[in-house]
$ cat target21.tsv   # TSV, N, CA and C atoms
chain	number	residue	atom	x	y	z
D	1497	MET	N	41.48	-15.66	44.24
D	1497	MET	CA	42.19	-16.79	44.79
D	1497	MET	C	43.04	-16.32	45.97
D	1498	LYS	N	42.97	-17.03	47.05
D	1498	LYS	CA	43.65	-16.65	48.28
D	1498	LYS	C	45.09	-17.16	48.28
D	1499	LEU	N	45.98	-16.37	48.86
D	1499	LEU	CA	47.38	-16.80	49.00
D	1499	LEU	C	47.48	-17.83	50.11
D	1500	ASP	N	48.22	-18.90	49.84
D	1500	ASP	CA	48.46	-19.87	50.91
D	1500	ASP	C	49.84	-19.58	51.53
D	1501	ASN	N	50.18	-20.34	52.55
D	1501	ASN	CA	51.44	-20.11	53.27
D	1501	ASN	C	52.66	-20.27	52.38
D	1502	ASN	N	52.62	-21.22	51.43
D	1502	ASN	CA	53.76	-21.40	50.52
D	1502	ASN	C	53.96	-20.18	49.65
D	1503	ASP	N	52.86	-19.59	49.16
D	1503	ASP	CA	52.96	-18.38	48.34
D	1503	ASP	C	53.56	-17.23	49.15
D	1504	ILE	N	53.11	-17.09	50.37
D	1504	ILE	CA	53.61	-16.01	51.22
D	1504	ILE	C	55.10	-16.20	51.50
D	1505	MET	N	55.50	-17.43	51.80
D	1505	MET	CA	56.92	-17.71	52.06
D	1505	MET	C	57.76	-17.44	50.82
D	1506	LEU	N	57.29	-17.87	49.67
D	1506	LEU	CA	58.03	-17.65	48.43
D	1506	LEU	C	58.18	-16.16	48.15
D	1507	ALA	N	57.11	-15.40	48.34
D	1507	ALA	CA	57.16	-13.95	48.12
D	1507	ALA	C	58.15	-13.30	49.08
D	1508	LEU	N	58.11	-13.68	50.34
D	1508	LEU	CA	59.02	-13.08	51.33
D	1508	LEU	C	60.47	-13.46	51.07
D	1509	ILE	N	60.72	-14.69	50.62
D	1509	ILE	CA	62.09	-15.11	50.27
D	1509	ILE	C	62.59	-14.30	49.09
D	1510	ALA	N	61.74	-14.13	48.07
D	1510	ALA	CA	62.15	-13.34	46.89
D	1510	ALA	C	62.47	-11.90	47.29
D	1511	ILE	N	61.63	-11.31	48.12
D	1511	ILE	CA	61.86	-9.92	48.56
D	1511	ILE	C	63.14	-9.83	49.39
D	1512	ALA	N	63.36	-10.80	50.27
D	1512	ALA	CA	64.57	-10.79	51.10
D	1512	ALA	C	65.83	-10.96	50.24
D	1513	CYS	N	65.80	-11.87	49.28
D	1513	CYS	CA	66.96	-12.06	48.40
D	1513	CYS	C	67.24	-10.80	47.60
D	1514	GLY	N	66.19	-10.19	47.07
D	1514	GLY	CA	66.36	-8.94	46.33
D	1514	GLY	C	66.88	-7.83	47.22
D	1515	GLY	N	66.37	-7.78	48.44
D	1515	GLY	CA	66.84	-6.77	49.38
D	1515	GLY	C	68.32	-6.92	49.69
D	1516	PHE	N	68.76	-8.17	49.82
D	1516	PHE	CA	70.19	-8.43	50.08
D	1516	PHE	C	71.04	-7.93	48.91
D	1517	ILE	N	70.61	-8.21	47.69
D	1517	ILE	CA	71.34	-7.75	46.51
D	1517	ILE	C	71.34	-6.22	46.44
D	1518	LEU	N	70.20	-5.61	46.79
D	1518	LEU	CA	70.13	-4.15	46.80
D	1518	LEU	C	71.06	-3.54	47.85
D	1519	LEU	N	71.23	-4.21	48.98
D	1519	LEU	CA	72.18	-3.72	49.99
D	1519	LEU	C	73.61	-3.76	49.47
D	1520	ILE	N	73.94	-4.77	48.68
D	1520	ILE	CA	75.26	-4.83	48.06
D	1520	ILE	C	75.39	-3.72	47.02
D	1521	ALA	N	74.36	-3.56	46.19
D	1521	ALA	CA	74.41	-2.54	45.13
D	1521	ALA	C	74.51	-1.13	45.68
D	1522	SER	N	73.92	-0.91	46.85
D	1522	SER	CA	73.95	0.44	47.44
D	1522	SER	C	75.20	0.68	48.29
D	1523	GLY	N	76.03	-0.35	48.48
D	1523	GLY	CA	77.26	-0.19	49.24
D	1523	GLY	C	77.12	-0.43	50.73
D	1524	VAL	N	75.93	-0.77	51.20
D	1524	VAL	CA	75.74	-1.06	52.63
D	1524	VAL	C	76.51	-2.33	53.00
D	1525	ILE	N	76.45	-3.32	52.14
D	1525	ILE	CA	77.25	-4.54	52.30
D	1525	ILE	C	78.41	-4.43	51.33
D	1526	ASP	N	79.63	-4.59	51.84
D	1526	ASP	CA	80.82	-4.42	51.02
D	1526	ASP	C	81.10	-5.69	50.23
D	1527	ALA	N	80.83	-5.65	48.94
D	1527	ALA	CA	81.13	-6.77	48.05
D	1527	ALA	C	81.34	-6.20	46.66
D	1528	GLU	N	82.22	-6.80	45.92
D	1528	GLU	CA	82.55	-6.33	44.58
D	1528	GLU	C	81.87	-7.24	43.55
D	1529	PRO	N	81.06	-6.66	42.64
D	1529	PRO	CA	80.45	-7.48	41.58
D	1529	PRO	C	81.50	-8.11	40.68
D	1530	ALA	N	81.19	-9.24	40.11
D	1530	ALA	CA	82.13	-9.97	39.26
D	1530	ALA	C	82.34	-9.29	37.92
D	1531	ASN	N	83.52	-9.43	37.39
D	1531	ASN	CA	83.87	-9.02	36.03
D	1531	ASN	C	83.51	-7.58	35.70
D	1532	GLY	N	83.64	-6.68	36.66
D	1532	GLY	CA	83.40	-5.28	36.39
D	1532	GLY	C	81.94	-4.90	36.17
D	1533	THR	N	81.03	-5.72	36.65
D	1533	THR	CA	79.60	-5.41	36.51
D	1533	THR	C	79.29	-4.14	37.28
D	1534	PRO	N	78.63	-3.17	36.64
D	1534	PRO	CA	78.29	-1.94	37.36
D	1534	PRO	C	77.24	-2.18	38.44
D	1535	TYR	N	77.27	-1.32	39.42
D	1535	TYR	CA	76.33	-1.48	40.54
D	1535	TYR	C	74.88	-1.28	40.11
D	1536	TRP	N	74.63	-0.50	39.07
D	1536	TRP	CA	73.24	-0.30	38.63
D	1536	TRP	C	72.67	-1.60	38.05
D	1537	VAL	N	73.51	-2.43	37.42
D	1537	VAL	CA	73.04	-3.73	36.92
D	1537	VAL	C	72.69	-4.62	38.11
D	1538	LEU	N	73.53	-4.59	39.12
D	1538	LEU	CA	73.25	-5.36	40.34
D	1538	LEU	C	71.96	-4.88	41.00
D	1539	ALA	N	71.76	-3.57	41.03
D	1539	ALA	CA	70.53	-3.01	41.62
D	1539	ALA	C	69.30	-3.46	40.84
D	1540	LEU	N	69.38	-3.48	39.52
D	1540	LEU	CA	68.25	-3.96	38.71
D	1540	LEU	C	67.96	-5.43	38.98
D	1541	ALA	N	69.00	-6.22	39.15
D	1541	ALA	CA	68.80	-7.64	39.47
D	1541	ALA	C	68.12	-7.80	40.83
D	1542	GLY	N	68.54	-7.01	41.80
D	1542	GLY	CA	67.89	-7.07	43.11
D	1542	GLY	C	66.44	-6.63	43.03
D	1543	MET	N	66.18	-5.57	42.27
D	1543	MET	CA	64.80	-5.10	42.11
D	1543	MET	C	63.93	-6.15	41.43
D	1544	ALA	N	64.52	-6.94	40.55
D	1544	ALA	CA	63.74	-8.00	39.89
D	1544	ALA	C	63.18	-8.97	40.92
D	1545	PHE	N	63.99	-9.35	41.89
D	1545	PHE	CA	63.52	-10.25	42.94
D	1545	PHE	C	62.44	-9.59	43.80
D	1546	VAL	N	62.67	-8.33	44.15
D	1546	VAL	CA	61.69	-7.62	44.99
D	1546	VAL	C	60.36	-7.49	44.25
D	1547	ILE	N	60.42	-7.09	42.98
D	1547	ILE	CA	59.19	-6.95	42.19
D	1547	ILE	C	58.48	-8.28	42.05
D	1548	ALA	N	59.25	-9.34	41.81
D	1548	ALA	CA	58.62	-10.67	41.69
D	1548	ALA	C	57.91	-11.06	42.97
D	1549	GLY	N	58.52	-10.74	44.11
D	1549	GLY	CA	57.86	-11.03	45.39
D	1549	GLY	C	56.56	-10.27	45.54
D	1550	PHE	N	56.56	-9.00	45.18
D	1550	PHE	CA	55.32	-8.22	45.25
D	1550	PHE	C	54.29	-8.72	44.24
D	1551	MET	N	54.74	-9.21	43.11
D	1551	MET	CA	53.80	-9.75	42.12
D	1551	MET	C	53.08	-10.98	42.65
D	1552	ILE	N	53.75	-11.76	43.48
D	1552	ILE	CA	53.09	-12.91	44.09
D	1552	ILE	C	51.98	-12.43	45.02
D	1553	PHE	N	52.28	-11.40	45.82
D	1553	PHE	CA	51.27	-10.87	46.73
D	1553	PHE	C	50.09	-10.25	45.98
D	1554	LEU	N	50.33	-9.67	44.83
D	1554	LEU	CA	49.30	-8.93	44.10
D	1554	LEU	C	48.71	-9.71	42.93
D	1555	ARG	N	48.81	-10.99	42.95
D	1555	ARG	CA	48.45	-11.75	41.75
D	1555	ARG	C	46.99	-11.63	41.33
D	1556	ASN	N	46.13	-11.15	42.17
D	1556	ASN	CA	44.73	-11.00	41.81
D	1556	ASN	C	44.38	-9.57	41.38
D	1557	HIS	N	45.35	-8.72	41.28
D	1557	HIS	CA	45.13	-7.32	40.89
D	1557	HIS	C	45.83	-7.09	39.55
D	1558	SER	N	45.13	-7.39	38.46
D	1558	SER	CA	45.78	-7.45	37.16
D	1558	SER	C	46.36	-6.11	36.71
D	1559	ARG	N	45.75	-5.01	37.04
D	1559	ARG	CA	46.30	-3.71	36.61
D	1559	ARG	C	47.65	-3.47	37.28
D	1560	ALA	N	47.76	-3.75	38.56
D	1560	ALA	CA	49.03	-3.61	39.26
D	1560	ALA	C	50.06	-4.60	38.71
D	1561	LEU	N	49.62	-5.80	38.40
D	1561	LEU	CA	50.54	-6.79	37.83
D	1561	LEU	C	51.06	-6.35	36.47
D	1562	ASP	N	50.20	-5.75	35.66
D	1562	ASP	CA	50.65	-5.26	34.36
D	1562	ASP	C	51.73	-4.20	34.52
D	1563	LEU	N	51.55	-3.29	35.45
D	1563	LEU	CA	52.56	-2.25	35.69
D	1563	LEU	C	53.86	-2.85	36.22
D	1564	LEU	N	53.75	-3.75	37.19
D	1564	LEU	CA	54.96	-4.38	37.73
D	1564	LEU	C	55.66	-5.23	36.68
D	1565	ALA	N	54.89	-5.90	35.82
D	1565	ALA	CA	55.49	-6.68	34.74
D	1565	ALA	C	56.25	-5.77	33.79
D	1566	ALA	N	55.71	-4.60	33.49
D	1566	ALA	CA	56.40	-3.65	32.61
D	1566	ALA	C	57.72	-3.19	33.25
D	1567	VAL	N	57.68	-2.88	34.54
D	1567	VAL	CA	58.90	-2.44	35.22
D	1567	VAL	C	59.93	-3.58	35.27
D	1568	LEU	N	59.47	-4.79	35.58
D	1568	LEU	CA	60.36	-5.95	35.63
D	1568	LEU	C	61.00	-6.21	34.27
D	1569	LEU	N	60.20	-6.18	33.22
D	1569	LEU	CA	60.74	-6.43	31.88
D	1569	LEU	C	61.63	-5.30	31.39
D	1570	ALA	N	61.37	-4.07	31.82
D	1570	ALA	CA	62.29	-2.97	31.49
D	1570	ALA	C	63.65	-3.22	32.12
D	1571	GLY	N	63.64	-3.69	33.37
D	1571	GLY	CA	64.90	-4.03	34.04
D	1571	GLY	C	65.63	-5.16	33.34
D	1572	PHE	N	64.89	-6.20	32.96
D	1572	PHE	CA	65.51	-7.31	32.23
D	1572	PHE	C	66.10	-6.84	30.91
D	1573	THR	N	65.38	-5.92	30.23
D	1573	THR	CA	65.88	-5.39	28.96
D	1573	THR	C	67.20	-4.66	29.16
D	1574	LEU	N	67.28	-3.85	30.20
D	1574	LEU	CA	68.52	-3.11	30.47
D	1574	LEU	C	69.67	-4.04	30.85
D	1575	ILE	N	69.38	-5.04	31.67
D	1575	ILE	CA	70.43	-5.98	32.08
D	1575	ILE	C	70.95	-6.76	30.87
D	1576	ALA	N	70.04	-7.32	30.09
D	1576	ALA	CA	70.46	-8.11	28.92
D	1576	ALA	C	71.15	-7.23	27.90
D	1577	GLY	N	70.70	-6.00	27.74
D	1577	GLY	CA	71.36	-5.08	26.82
D	1577	GLY	C	72.78	-4.77	27.27
D	1578	TRP	N	72.97	-4.58	28.58
D	1578	TRP	CA	74.32	-4.33	29.08
D	1578	TRP	C	75.23	-5.53	28.81
D	1579	VAL	N	74.72	-6.74	29.06
D	1579	VAL	CA	75.51	-7.94	28.81
D	1579	VAL	C	75.86	-8.02	27.32
D	1580	THR	N	74.89	-7.71	26.47
D	1580	THR	CA	75.11	-7.79	25.02
D	1580	THR	C	76.23	-6.87	24.56
D	1581	PHE	N	76.21	-5.63	25.02
D	1581	PHE	CA	77.11	-4.63	24.45
D	1581	PHE	C	78.32	-4.26	25.30
D	1582	TYR	N	78.24	-4.43	26.61
D	1582	TYR	CA	79.28	-3.87	27.46
D	1582	TYR	C	79.99	-4.84	28.39
D	1583	SER	N	79.46	-6.02	28.61
D	1583	SER	CA	80.11	-6.92	29.57
D	1583	SER	C	81.44	-7.42	29.01
D	1584	SER	N	82.31	-7.81	29.94
D	1584	SER	CA	83.61	-8.32	29.51
D	1584	SER	C	83.46	-9.73	28.96
D	1585	SER	N	84.31	-10.08	28.03
D	1585	SER	CA	84.23	-11.42	27.43
D	1585	SER	C	84.62	-12.50	28.42
D	1586	GLU	N	85.31	-12.15	29.51
D	1586	GLU	CA	85.68	-13.15	30.52
D	1586	GLU	C	84.46	-13.69	31.25
D	1587	GLY	N	83.36	-12.95	31.22
D	1587	GLY	CA	82.14	-13.39	31.90
D	1587	GLY	C	81.39	-14.48	31.16
D	1588	PHE	N	81.75	-14.72	29.91
D	1588	PHE	CA	81.09	-15.76	29.12
D	1588	PHE	C	81.84	-17.07	29.27
D	1589	SER	N	81.09	-18.14	29.47
D	1589	SER	CA	81.72	-19.47	29.55
D	1589	SER	C	80.83	-20.46	28.83
D	1590	GLY	N	81.36	-21.63	28.61
D	1590	GLY	CA	80.60	-22.64	27.89
D	1590	GLY	C	80.63	-22.36	26.40
D	1591	GLY	N	79.60	-22.80	25.72
D	1591	GLY	CA	79.52	-22.58	24.29
D	1591	GLY	C	79.53	-23.89	23.53
D	1592	ILE	N	79.72	-23.76	22.25
D	1592	ILE	CA	79.73	-24.93	21.37
D	1592	ILE	C	81.15	-25.50	21.33
D	1593	PRO	N	81.28	-26.79	21.64
D	1593	PRO	CA	82.62	-27.38	21.62
D	1593	PRO	C	83.29	-27.25	20.25
D	1594	PHE	N	84.59	-27.13	20.26
D	1594	PHE	CA	85.44	-27.08	19.08
D	1594	PHE	C	85.35	-25.76	18.32
D	1595	LEU	N	84.57	-24.79	18.80
D	1595	LEU	CA	84.58	-23.45	18.21
D	1595	LEU	C	85.53	-22.58	19.00
D	1596	PRO	N	86.17	-21.64	18.35
D	1596	PRO	CA	87.07	-20.74	19.08
D	1596	PRO	C	86.31	-19.93	20.14
D	1597	ARG	N	87.02	-19.57	21.18
D	1597	ARG	CA	86.40	-18.83	22.29
D	1597	ARG	C	85.75	-17.53	21.80
D	1598	ASP	N	86.42	-16.81	20.92
D	1598	ASP	CA	85.85	-15.55	20.43
D	1598	ASP	C	84.52	-15.77	19.71
D	1599	THR	N	84.42	-16.87	18.98
D	1599	THR	CA	83.17	-17.18	18.29
D	1599	THR	C	82.07	-17.49	19.30
D	1600	ASN	N	82.40	-18.25	20.34
D	1600	ASN	CA	81.41	-18.56	21.37
D	1600	ASN	C	80.98	-17.31	22.13
D	1601	VAL	N	81.90	-16.39	22.38
D	1601	VAL	CA	81.53	-15.13	23.04
D	1601	VAL	C	80.59	-14.33	22.14
D	1602	SER	N	80.90	-14.28	20.85
D	1602	SER	CA	80.02	-13.57	19.91
D	1602	SER	C	78.64	-14.20	19.87
D	1603	LEU	N	78.59	-15.53	19.87
D	1603	LEU	CA	77.29	-16.22	19.89
D	1603	LEU	C	76.53	-15.91	21.18
D	1604	GLY	N	77.25	-15.86	22.28
D	1604	GLY	CA	76.62	-15.52	23.55
D	1604	GLY	C	76.04	-14.11	23.52
D	1605	ARG	N	76.78	-13.18	22.94
D	1605	ARG	CA	76.28	-11.80	22.84
D	1605	ARG	C	75.05	-11.73	21.94
D	1606	VAL	N	75.06	-12.49	20.85
D	1606	VAL	CA	73.89	-12.52	19.97
D	1606	VAL	C	72.68	-13.07	20.72
D	1607	MET	N	72.88	-14.13	21.50
D	1607	MET	CA	71.75	-14.71	22.25
D	1607	MET	C	71.23	-13.72	23.30
D	1608	PHE	N	72.13	-13.03	23.99
D	1608	PHE	CA	71.67	-12.01	24.95
D	1608	PHE	C	70.97	-10.87	24.22
D	1609	GLY	N	71.44	-10.55	23.02
D	1609	GLY	CA	70.78	-9.52	22.22
D	1609	GLY	C	69.36	-9.92	21.85
D	1610	LEU	N	69.17	-11.19	21.48
D	1610	LEU	CA	67.82	-11.68	21.19
D	1610	LEU	C	66.96	-11.64	22.45
D	1611	GLY	N	67.55	-11.99	23.58
D	1611	GLY	CA	66.83	-11.89	24.85
D	1611	GLY	C	66.44	-10.45	25.16
D	1612	THR	N	67.33	-9.51	24.83
D	1612	THR	CA	67.02	-8.10	25.03
D	1612	THR	C	65.79	-7.71	24.22
D	1613	LEU	N	65.76	-8.13	22.96
D	1613	LEU	CA	64.62	-7.80	22.10
D	1613	LEU	C	63.33	-8.44	22.60
D	1614	MET	N	63.41	-9.68	23.07
D	1614	MET	CA	62.22	-10.35	23.59
D	1614	MET	C	61.71	-9.66	24.86
D	1615	CYS	N	62.62	-9.29	25.75
D	1615	CYS	CA	62.21	-8.58	26.97
D	1615	CYS	C	61.60	-7.23	26.63
D	1616	PHE	N	62.17	-6.53	25.64
D	1616	PHE	CA	61.62	-5.24	25.24
D	1616	PHE	C	60.21	-5.41	24.66
D	1617	ALA	N	60.01	-6.47	23.86
D	1617	ALA	CA	58.67	-6.74	23.32
D	1617	ALA	C	57.69	-7.04	24.45
D	1618	GLY	N	58.11	-7.80	25.44
D	1618	GLY	CA	57.26	-8.08	26.59
D	1618	GLY	C	56.95	-6.81	27.37
D	1619	PHE	N	57.94	-5.93	27.51
D	1619	PHE	CA	57.74	-4.64	28.17
D	1619	PHE	C	56.67	-3.83	27.45
D	1620	LEU	N	56.76	-3.76	26.12
D	1620	LEU	CA	55.76	-3.01	25.35
D	1620	LEU	C	54.37	-3.62	25.51
D	1621	TYR	N	54.30	-4.95	25.50
D	1621	TYR	CA	53.00	-5.62	25.67
D	1621	TYR	C	52.42	-5.34	27.05
D	1622	ALA	N	53.25	-5.38	28.09
D	1622	ALA	CA	52.76	-5.10	29.44
D	1622	ALA	C	52.28	-3.66	29.56
D	1623	LEU	N	52.99	-2.73	28.92
D	1623	LEU	CA	52.53	-1.34	28.92
D	1623	LEU	C	51.21	-1.20	28.18
D	1624	LYS	N	51.08	-1.89	27.07
D	1624	LYS	CA	49.83	-1.87	26.30
D	1624	LYS	C	48.67	-2.37	27.16
D	1625	ARG	N	48.91	-3.46	27.87
D	1625	ARG	CA	47.86	-3.99	28.76
D	1625	ARG	C	47.54	-3.00	29.88
D	1626	PHE	N	48.58	-2.40	30.46
D	1626	PHE	CA	48.36	-1.48	31.58
D	1626	PHE	C	47.53	-0.27	31.14
D	1627	PHE	N	47.89	0.32	30.00
D	1627	PHE	CA	47.21	1.53	29.56
D	1627	PHE	C	45.95	1.26	28.76
D	1628	GLY	N	45.82	0.06	28.17
D	1628	GLY	CA	44.72	-0.16	27.25
D	1628	GLY	C	43.57	-0.99	27.75
D	1629	SER	N	43.84	-2.03	28.47
D	1629	SER	CA	42.78	-3.02	28.73
D	1629	SER	C	42.01	-2.78	30.02
D	1630	HIS	N	42.33	-1.75	30.76
D	1630	HIS	CA	41.68	-1.55	32.07
D	1630	HIS	C	40.99	-0.19	32.12
D	1631	LYS	N	40.02	0.00	31.27
D	1631	LYS	CA	39.34	1.31	31.20
D	1631	LYS	C	38.22	1.40	32.18

$ encode --input "target21.tsv" --output "structure tokens"
Amino acid sequence: MKLDNNDIMLALIAIACGGFILLIASGVIDAEPANGTPYWVLALAGMAFVIAGFMIFLRNHSRALDLLAAVLLAGFTLIAGWVTFYSSSEGFSGGIPFLPRDTNVSLGRVMFGLGTLMCFAGFLYALKRFFGSHK
């Protein structure tokens, strides 16, 4: 299947957005991440956009997509894991009305923890596909 102009534009926008975030994470652009977020988390978020852009370009090359999916999901696993265990409670907002803030923060951490496990499972599946199904 051939890429059309919309696909190319979407891929380039994703790569440019990720590149901008990577410039912040590397210190080229002076900006401070919110709530004490480490720069490596910001770099993983930027890489997610860049990888997604390349995945659009490579959508007909399943072996490359499997590898990029594994890398993308590994990054998501690390980001969600950091939020689960290390992020400040000030970064959590919303929640279930009438519950205490601490309970809502704990629920948020549990949900990010479940997301971490799901991303890790997806990472393992993508690795299985990369190493197993393309002999």

$ select_by_dssp --input "target21.tsv" --residues "chain D" --states "alpha helix (DSSP H)" --output "PyMOL selection string"
chain D and resi 1501-1521+1535-1553+1558-1581+1597-1628

$ atom_distance --input "target21.tsv" --atom1 "CA of Thr1573 in chain D" --atom2 "CA of Ser1589 in chain D"
21.2 Å

$ residues_near_point --input "target21.tsv" --point "(72.6, -6.7, 42.1)" --cutoff "6 Å" --atoms "all atoms listed in the file" --output "MDAnalysis selection string"
chainID D and resid 1517:1518 1521 1537:1542

$ closest_residue --input "target21.tsv" --among "D:Leu1561, D:Leu1603, D:Leu1554, D:Val1567" --to "Gly1591 in chain D" --atoms "all atoms listed in the file"
D:Leu1603

$ closest_residue --input "target21.tsv" --among "D:Ile1525, D:Cys1615, D:Leu1506, D:Pro1534" --to "Ala1548 in chain D" --atoms "only C-alpha atoms"
D:Leu1506

$ atom_distance --input "target21.tsv" --atom1 "atom C of Ser1583 in chain D" --atom2 "atom N of Ala1566 in chain D"
26.3 Å

$ atom_distance --input "target21.tsv" --atom1 "CA of Ile1511 in chain D" --atom2 "CA of Trp1578 in chain D"
23.8 Å

$ closest_residue --input "target21.tsv" --among "D:Phe1553, D:Phe1588, D:Lys1498, D:Tyr1582" --to "Asn1600 in chain D" --atoms "all atoms listed in the file"
D:Phe1588

$ residues_around --input "target21.tsv" --residues "Ala1510 in chain D" --least-positions-apart "4" --cutoff "7 Å" --atoms "all atoms listed in the file" --output "list of chain:residue names"
D:Met1505, D:Leu1506, D:Gly1514, D:Gly1515, D:Phe1545, D:Val1546, D:Ile1547, D:Ala1548, D:Gly1549, D:Phe1550

$ closest_residue --input "target21.tsv" --among "D:Gly1523, D:Gly1587, D:Gly1577, D:Pro1529" --to "Val1601 in chain D" --atoms "only C-alpha atoms"
D:Gly1587

$ closest_residue --input "target21.tsv" --among "D:Ala1507, D:Ala1544, D:Ala1622, D:Val1606" --to "Thr1580 in chain D" --atoms "all atoms listed in the file"
D:Val1606

$ closest_residue --input "target21.tsv" --among "D:Gly1611, D:Arg1559, D:Gly1590, D:Thr1599" --to "Arg1625 in chain D" --atoms "all atoms listed in the file"
D:Arg1559

$ axis_aligned_box --input "target21.tsv" --around "range 1541-1544 of chain D" --padding-each-side "4 Å" --output "lines of an AutoDock Vina configuration file"
center_x = 66.1
center_y = -7.0
center_z = 41.1
size_x = 13.8
size_y = 11.9
size_z = 12.0

$ decode --input "target21.tsv" --residues "range 1594-1613 of chain D" --atoms "N, CA and C atoms" --output "PDB file, in the first residue's frame"
ATOM      1  N   PHE D1594     -15.663  13.070  45.715  1.00  0.00           N
ATOM      2  CA  PHE D1594     -15.969  12.768  47.107  1.00  0.00           C
ATOM      3  C   PHE D1594     -14.995  11.787  47.754  1.00  0.00           C
ATOM      4  N   LEU D1595     -13.967  11.339  47.028  1.00  0.00           N
ATOM      5  CA  LEU D1595     -12.912  10.535  47.644  1.00  0.00           C
ATOM      6  C   LEU D1595     -11.772  11.455  48.037  1.00  0.00           C
ATOM      7  N   PRO D1596     -11.069  11.126  49.096  1.00  0.00           N
ATOM      8  CA  PRO D1596      -9.926  11.959  49.491  1.00  0.00           C
ATOM      9  C   PRO D1596      -8.854  11.980  48.396  1.00  0.00           C
ATOM     10  N   ARG D1597      -8.123  13.071  48.351  1.00  0.00           N
ATOM     11  CA  ARG D1597      -7.081  13.230  47.325  1.00  0.00           C
ATOM     12  C   ARG D1597      -6.071  12.088  47.365  1.00  0.00           C
ATOM     13  N   ASP D1598      -5.649  11.687  48.554  1.00  0.00           N
ATOM     14  CA  ASP D1598      -4.663  10.602  48.653  1.00  0.00           C
ATOM     15  C   ASP D1598      -5.193   9.305  48.048  1.00  0.00           C
ATOM     16  N   THR D1599      -6.474   9.042  48.228  1.00  0.00           N
ATOM     17  CA  THR D1599      -7.073   7.838  47.646  1.00  0.00           C
ATOM     18  C   THR D1599      -7.077   7.938  46.124  1.00  0.00           C
ATOM     19  N   ASN D1600      -7.426   9.107  45.594  1.00  0.00           N
ATOM     20  CA  ASN D1600      -7.424   9.295  44.141  1.00  0.00           C
ATOM     21  C   ASN D1600      -6.013   9.182  43.566  1.00  0.00           C
ATOM     22  N   VAL D1601      -5.013   9.675  44.278  1.00  0.00           N
ATOM     23  CA  VAL D1601      -3.628   9.537  43.812  1.00  0.00           C
ATOM     24  C   VAL D1601      -3.232   8.060  43.795  1.00  0.00           C
ATOM     25  N   SER D1602      -3.611   7.335  44.847  1.00  0.00           N
ATOM     26  CA  SER D1602      -3.306   5.898  44.886  1.00  0.00           C
ATOM     27  C   SER D1602      -3.997   5.160  43.746  1.00  0.00           C
ATOM     28  N   LEU D1603      -5.243   5.520  43.469  1.00  0.00           N
ATOM     29  CA  LEU D1603      -5.954   4.902  42.345  1.00  0.00           C
ATOM     30  C   LEU D1603      -5.267   5.227  41.017  1.00  0.00           C
ATOM     31  N   GLY D1604      -4.812   6.457  40.892  1.00  0.00           N
ATOM     32  CA  GLY D1604      -4.092   6.846  39.681  1.00  0.00           C
ATOM     33  C   GLY D1604      -2.812   6.038  39.511  1.00  0.00           C
ATOM     34  N   ARG D1605      -2.089   5.832  40.600  1.00  0.00           N
ATOM     35  CA  ARG D1605      -0.863   5.038  40.533  1.00  0.00           C
ATOM     36  C   ARG D1605      -1.164   3.584  40.167  1.00  0.00           C
ATOM     37  N   VAL D1606      -2.247   3.046  40.711  1.00  0.00           N
ATOM     38  CA  VAL D1606      -2.645   1.675  40.365  1.00  0.00           C
ATOM     39  C   VAL D1606      -2.972   1.586  38.872  1.00  0.00           C
ATOM     40  N   MET D1607      -3.689   2.580  38.350  1.00  0.00           N
ATOM     41  CA  MET D1607      -4.045   2.555  36.922  1.00  0.00           C
ATOM     42  C   MET D1607      -2.792   2.665  36.049  1.00  0.00           C
ATOM     43  N   PHE D1608      -1.852   3.531  36.429  1.00  0.00           N
ATOM     44  CA  PHE D1608      -0.603   3.608  35.667  1.00  0.00           C
ATOM     45  C   PHE D1608       0.188   2.306  35.797  1.00  0.00           C
ATOM     46  N   GLY D1609       0.108   1.669  36.954  1.00  0.00           N
ATOM     47  CA  GLY D1609       0.763   0.379  37.131  1.00  0.00           C
ATOM     48  C   GLY D1609       0.178  -0.678  36.207  1.00  0.00           C
ATOM     49  N   LEU D1610      -1.143  -0.691  36.072  1.00  0.00           N
ATOM     50  CA  LEU D1610      -1.779  -1.616  35.131  1.00  0.00           C
ATOM     51  C   LEU D1610      -1.360  -1.297  33.696  1.00  0.00           C
ATOM     52  N   GLY D1611      -1.274  -0.016  33.385  1.00  0.00           N
ATOM     53  CA  GLY D1611      -0.787   0.385  32.064  1.00  0.00           C
ATOM     54  C   GLY D1611       0.643  -0.064  31.830  1.00  0.00           C
ATOM     55  N   THR D1612       1.469  -0.005  32.877  1.00  0.00           N
ATOM     56  CA  THR D1612       2.844  -0.482  32.774  1.00  0.00           C
ATOM     57  C   THR D1612       2.864  -1.958  32.414  1.00  0.00           C
ATOM     58  N   LEU D1613       2.042  -2.740  33.099  1.00  0.00           N
ATOM     59  CA  LEU D1613       1.998  -4.180  32.826  1.00  0.00           C
ATOM     60  C   LEU D1613       1.495  -4.474  31.415  1.00  0.00           C
TER      61      LEU D1613
END
